[in-house]
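Engineer: Just passing along the structure, written as structure tokens.
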Amino acid sequence: MTFAGASDRDIRARAINDWRPGTFALRDAWFAVAHLPQVGEAPIRRMIHSQPCYLWRENGEVRAAEFPPSQLSARRAEATAFTGGAGTYPVELAYGFVWIWYGDPRNASIELIPNVPFLPRNRVAPDYLRGSYYYGATHELISENALDLTHINFIHRAAAGFDKSASDDVRVVSTSESITMIREVKQLAVPDFQRRLAAVTADHQDLYQITHIFLRSSSSLLYSRFEPGDASMPLFQGIVPESRGRTLLNYAYSPSDATPIAYSREWPRQAPVVADQDDGILWPQNPRYGEPSGATDRHTRFDAAGVEYRFRMSQLIERQRDGDFSYLPEDRPGNELSGHLGLRGTFSMPDGTPG
Ligand SMILES: [Fe+2]
């Protein structure tokens with residue numbers, strides 16, 4: 001697919017060598033700014049690309065505005081284009097999160113909320129399956145890190161490291177709005193956490209691993225399917241790009257109904273550990289992208305997903321610079337993704353409260 005403006009070849013060349021994370025805020029996207037139970041009558045504040053967003057409940061309804069509720073009517077004249085001059089943002093509740101539209105309010109549509117096929121639309125995950133984390137880096141570095149599988153054995157060996165396998169193949173599929181990395185590992189020596197938490201007794205497992213990133217928001221769906229083994233627990237990561245130096249992650253796991261209790265209770269405890277390890281790599285890197293360095297990129301064939309990510313992001317940036325904020329109908333984030341993810345099992349969410 002080619003859009004008007006610069007050619008894909010030009011964009012690809014620039015995407016590799018002139019890529020500067022944190023320099024362009026993509027618009028017209030929904031962000032999962034808070035877990036629904038975090039919002040009560042007292043206002044809380046979030047930021048999306050340095051644009052403030054206050055959240056509170058009024059007569060039970062979730063409201064979102066550029067100003068605290070006590071100042072809303074007095075300061076309405078200061079309201080920006082992000083709220084169409086009204087001061088209040090388009091807000092939706094879905095999958096246990098509060099979603100805020102960052103962009104032109106006239107373009108907000110619920111069909112553009114990312115499809116999360118493993119989370120119930122009207123329920124909130126129990127406490128032990130969800131959480132939040134603040135990274136000291138811009139959101140693009142977090143996406144690139146998720147697309148780089150080679151770091152797992154170095155950074156997360158204790159929690160999620162893999163050892164020998166017969167084969168390990170990665171492919172990348174992208175659209176104008178998403179990038180998907182699919183990894184297939186055959187005859188993997190069974191990881192320790194699969195033995196301990198999912199009671200796997202086989203000598204080997206096959207692994208199907210998928211990372212799907214919604215480009216405009218950086219929100220992502222992550223899933224690992226092990227065969228044999230009963231654990232099946234996809235993860236939604238709601239990314240909130242607060243600024244060039246800080247990104248909020250709101251996440252929720254959804255264990256399939258067949259997932260062993262030990263696994264669904266213990267595995268989520270690794271999430272803050274893994275996020276902390278990633279952040280320890282990312283925050284020292286972040287300031288290096290502040291100014292152009294003149295250094296050329298030195299990617300290898302293991303970085304194919306990261307290179308494709310930069311290309312697709314650069315395409316979107318180019319379009320938005322030209323004033324085109326539209327979505328292609330076939331690439332809408334709300335389109336059904338369950339087949340694409342290759343999910344195994346049914347997902348009815350234990351003890352979820354109505355949301
Ligand atoms: Fe990581």
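By order in the structure tokens, chains are A, B, ...; within a chain, residues start at 1; ligands start at 1, following the order shown.
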Could you list, with a cut-off of 9 Å and counting only C-alpha atoms and all ligand atoms, the residues of chain A near ligand 1, each shown with its nearest atom pair and the distance in Å rounded to one decimal, rows sorted by chain and ascending number, as JSON lines?
Structural biologist:
```
{"residue": "A:Ile142", "atom": "CA", "partner": "ligand 1", "partner_atom_place_in_ligand_line": "1 (Fe)", "distance": 8.6}
{"residue": "A:Asn145", "atom": "CA", "partner": "ligand 1", "partner_atom_place_in_ligand_line": "1 (Fe)", "distance": 6.2}
{"residue": "A:Ala146", "atom": "CA", "partner": "ligand 1", "partner_atom_place_in_ligand_line": "1 (Fe)", "distance": 6.1}
{"residue": "A:Asp148", "atom": "CA", "partner": "ligand 1", "partner_atom_place_in_ligand_line": "1 (Fe)", "distance": 8.1}
{"residue": "A:Leu149", "atom": "CA", "partner": "ligand 1", "partner_atom_place_in_ligand_line": "1 (Fe)", "distance": 8.0}
{"residue": "A:His151", "atom": "CA", "partner": "ligand 1", "partner_atom_place_in_ligand_line": "1 (Fe)", "distance": 6.5}
{"residue": "A:Ile152", "atom": "CA", "partner": "ligand 1", "partner_atom_place_in_ligand_line": "1 (Fe)", "distance": 5.8}
{"residue": "A:Ile155", "atom": "CA", "partner": "ligand 1", "partner_atom_place_in_ligand_line": "1 (Fe)", "distance": 6.7}
{"residue": "A:His156", "atom": "CA", "partner": "ligand 1", "partner_atom_place_in_ligand_line": "1 (Fe)", "distance": 6.6}
{"residue": "A:Val274", "atom": "CA", "partner": "ligand 1", "partner_atom_place_in_ligand_line": "1 (Fe)", "distance": 6.1}
{"residue": "A:Ala275", "atom": "CA", "partner": "ligand 1", "partner_atom_place_in_ligand_line": "1 (Fe)", "distance": 6.7}
{"residue": "A:Asp276", "atom": "CA", "partner": "ligand 1", "partner_atom_place_in_ligand_line": "1 (Fe)", "distance": 8.9}
{"residue": "A:Gln277", "atom": "CA", "partner": "ligand 1", "partner_atom_place_in_ligand_line": "1 (Fe)", "distance": 6.9}
{"residue": "A:Asp278", "atom": "CA", "partner": "ligand 1", "partner_atom_place_in_ligand_line": "1 (Fe)", "distance": 4.8}
{"residue": "A:Asp279", "atom": "CA", "partner": "ligand 1", "partner_atom_place_in_ligand_line": "1 (Fe)", "distance": 8.4}
```
Engineer: Report as a list of chain:residue names all protein, DNA and RNA residues lying within 8 Å of Gly238 (chain A), evaluated on only C-alpha atoms, omitting residues in the same chain fewer than 2 positions from it.
Structural biologist: A:Phe31, A:Ala32, A:Val33, A:Ser218, A:Ser219, A:Ser220, A:Phe236, A:Val240, A:Leu249, A:Asn250, A:Tyr251
Engineer: Can you pull out the residues contacting Pro284 (chain A)? Cut-off 12 Å, using only C-alpha atoms, and skip same-chain residues under 6 positions away; I want them as a ChimeraX atom specification.
Structural biologist: /A:135-138,141,245,278,290
Engineer: Pick out the closest residue to Ile317 (chain A) from this set: A:Asn122, A:Pro228, A:Ser7, A:Ala25. Count only C-alpha atoms.
Structural biologist: A:Ala25
Engineer: Do a neighbour search on Gly131 (chain A) at 12 Å with only C-alpha atoms, toss out local chain neighbours closer than 5 positions, and write the hits as a list in words.
Structural biologist: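 In the requested format, the answer is Ala34, His35, Leu36, Pro37, Gln38, Gly96, Phe97, Val124, Ala125, Pro126, Leu235, Phe236, Gln237, Gly238, Leu248, Leu249, Asn250, Tyr251, Ala252, Tyr253, Pro268, Arg269, Gln270, Ala271, Pro272 and Ala275 of chain A.
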Engineer: Write the residues you've just listed into a file as a compact mmCIF listing (two decimals), in the first residue's frame, and include N, CA, C and O atoms for each of them.
Structural biologist:
```txt
# COMPACT_ATOMS: atom_id res chain seq x y z
N ALA A 34 -6.02 4.19 32.36
CA ALA A 34 -6.15 3.75 33.76
C ALA A 34 -6.94 2.44 33.82
O ALA A 34 -7.77 2.16 32.97
N HIS A 35 -6.64 1.63 34.87
CA HIS A 35 -7.52 0.52 35.20
C HIS A 35 -8.81 1.13 35.76
O HIS A 35 -8.74 2.06 36.58
N LEU A 36 -9.93 0.60 35.38
CA LEU A 36 -11.21 1.18 35.79
C LEU A 36 -11.34 1.37 37.31
O LEU A 36 -11.80 2.43 37.77
N PRO A 37 -10.90 0.38 38.16
CA PRO A 37 -11.04 0.59 39.61
C PRO A 37 -10.18 1.73 40.17
O PRO A 37 -10.36 2.13 41.31
N GLN A 38 -9.23 2.25 39.38
CA GLN A 38 -8.39 3.35 39.86
C GLN A 38 -9.14 4.68 39.85
O GLN A 38 -8.68 5.66 40.43
N GLY A 96 -11.95 -3.49 31.05
CA GLY A 96 -11.49 -3.15 32.41
C GLY A 96 -10.63 -1.90 32.47
O GLY A 96 -10.07 -1.59 33.53
N PHE A 97 -10.53 -1.17 31.34
CA PHE A 97 -9.72 0.04 31.30
C PHE A 97 -10.57 1.25 30.92
O PHE A 97 -11.62 1.12 30.30
N VAL A 124 -13.62 -6.48 34.77
CA VAL A 124 -12.30 -6.04 35.20
C VAL A 124 -11.56 -7.26 35.72
O VAL A 124 -12.12 -8.04 36.50
N ALA A 125 -10.32 -7.44 35.31
CA ALA A 125 -9.52 -8.58 35.78
C ALA A 125 -9.27 -8.44 37.28
O ALA A 125 -9.14 -7.32 37.79
N PRO A 126 -9.21 -9.58 38.03
CA PRO A 126 -8.89 -9.49 39.46
C PRO A 126 -7.48 -8.91 39.67
O PRO A 126 -6.65 -8.94 38.78
N LEU A 235 -1.49 -11.61 27.26
CA LEU A 235 -1.26 -10.37 28.01
C LEU A 235 -1.60 -9.17 27.14
O LEU A 235 -1.16 -9.08 25.99
N PHE A 236 -2.36 -8.22 27.71
CA PHE A 236 -2.58 -6.93 27.06
C PHE A 236 -1.72 -5.88 27.74
O PHE A 236 -1.70 -5.80 28.97
N GLN A 237 -1.01 -5.09 26.95
CA GLN A 237 -0.21 -3.99 27.49
C GLN A 237 -0.76 -2.67 26.97
O GLN A 237 -0.62 -2.37 25.78
N GLY A 238 -1.42 -1.93 27.84
CA GLY A 238 -1.92 -0.60 27.47
C GLY A 238 -0.83 0.42 27.76
O GLY A 238 -0.47 0.65 28.91
N LEU A 248 3.83 5.15 30.82
CA LEU A 248 3.07 4.31 31.75
C LEU A 248 2.60 3.04 31.02
O LEU A 248 2.16 3.11 29.88
N LEU A 249 2.72 1.93 31.70
CA LEU A 249 2.20 0.67 31.19
C LEU A 249 1.09 0.20 32.13
O LEU A 249 1.32 0.05 33.33
N ASN A 250 -0.12 0.00 31.59
CA ASN A 250 -1.22 -0.63 32.34
C ASN A 250 -1.47 -1.99 31.70
O ASN A 250 -1.80 -2.04 30.52
N TYR A 251 -1.29 -3.07 32.45
CA TYR A 251 -1.38 -4.38 31.82
C TYR A 251 -2.40 -5.28 32.51
O TYR A 251 -2.74 -5.09 33.67
N ALA A 252 -2.88 -6.26 31.74
CA ALA A 252 -3.79 -7.27 32.30
C ALA A 252 -3.57 -8.60 31.59
O ALA A 252 -3.49 -8.66 30.36
N TYR A 253 -3.44 -9.67 32.39
CA TYR A 253 -3.34 -11.03 31.87
C TYR A 253 -4.72 -11.66 31.84
O TYR A 253 -5.60 -11.31 32.64
N PRO A 268 2.10 -13.87 36.72
CA PRO A 268 2.00 -12.41 36.71
C PRO A 268 2.97 -11.72 37.67
O PRO A 268 3.28 -10.54 37.49
N ARG A 269 3.46 -12.46 38.68
CA ARG A 269 4.43 -11.85 39.60
C ARG A 269 5.76 -11.56 38.92
O ARG A 269 6.58 -10.80 39.45
N GLN A 270 5.99 -12.19 37.77
CA GLN A 270 7.22 -11.93 37.02
C GLN A 270 7.13 -10.60 36.26
O GLN A 270 8.15 -10.04 35.87
N ALA A 271 5.92 -10.10 36.04
CA ALA A 271 5.76 -8.92 35.19
C ALA A 271 6.55 -7.70 35.68
O ALA A 271 7.30 -7.10 34.89
N PRO A 272 6.43 -7.33 36.97
CA PRO A 272 7.22 -6.16 37.41
C PRO A 272 8.72 -6.42 37.37
O PRO A 272 9.50 -5.50 37.14
N ALA A 275 9.66 -6.04 33.70
CA ALA A 275 9.58 -4.61 33.32
C ALA A 275 10.76 -3.84 33.90
O ALA A 275 11.35 -2.99 33.23
```
Engineer: Mind checking which residues fall within 6 Å of Leu222 (chain A), counting only C-alpha atoms, ignoring those fewer than 4 positions away in the same chain, and posting them as a PyMOL selection string?
Structural biologist: chain A and resi 210-211+234-235
Engineer: With all heavy atoms retained, write the just-selected residues as a short mmCIF file (atom, residue, chain, number, x, y, z; two decimals), in the first residue's frame.
Structural biologist:
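Once written, selection_5.cif looks like this:
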```cif
data_model
loop_
_atom_site.label_atom_id
_atom_site.label_comp_id
_atom_site.auth_asym_id
_atom_site.auth_seq_id
_atom_site.Cartn_x
_atom_site.Cartn_y
_atom_site.Cartn_z
N ILE A 210 3.75 -14.75 19.96
CA ILE A 210 3.32 -13.67 19.07
C ILE A 210 3.28 -12.34 19.83
O ILE A 210 2.88 -12.29 20.99
CB ILE A 210 1.96 -14.03 18.41
CG1 ILE A 210 1.57 -13.05 17.32
CG2 ILE A 210 0.85 -14.17 19.42
CD1 ILE A 210 0.52 -13.61 16.36
N THR A 211 3.75 -11.29 19.18
CA THR A 211 3.69 -9.94 19.71
C THR A 211 3.02 -9.07 18.66
O THR A 211 3.50 -9.00 17.53
CB THR A 211 5.11 -9.38 19.98
OG1 THR A 211 5.76 -10.22 20.92
CG2 THR A 211 5.06 -7.96 20.52
N PRO A 234 -2.58 -15.06 27.58
CA PRO A 234 -2.21 -13.85 26.85
C PRO A 234 -2.20 -12.61 27.72
O PRO A 234 -2.84 -12.56 28.78
CB PRO A 234 -3.27 -13.75 25.75
CG PRO A 234 -4.39 -14.62 26.19
CD PRO A 234 -3.84 -15.65 27.11
N LEU A 235 -1.49 -11.61 27.26
CA LEU A 235 -1.26 -10.37 28.01
C LEU A 235 -1.60 -9.17 27.14
O LEU A 235 -1.16 -9.08 25.99
CB LEU A 235 0.22 -10.32 28.42
CG LEU A 235 0.79 -9.01 28.96
CD1 LEU A 235 0.16 -8.66 30.30
CD2 LEU A 235 2.31 -9.12 29.10
#
```
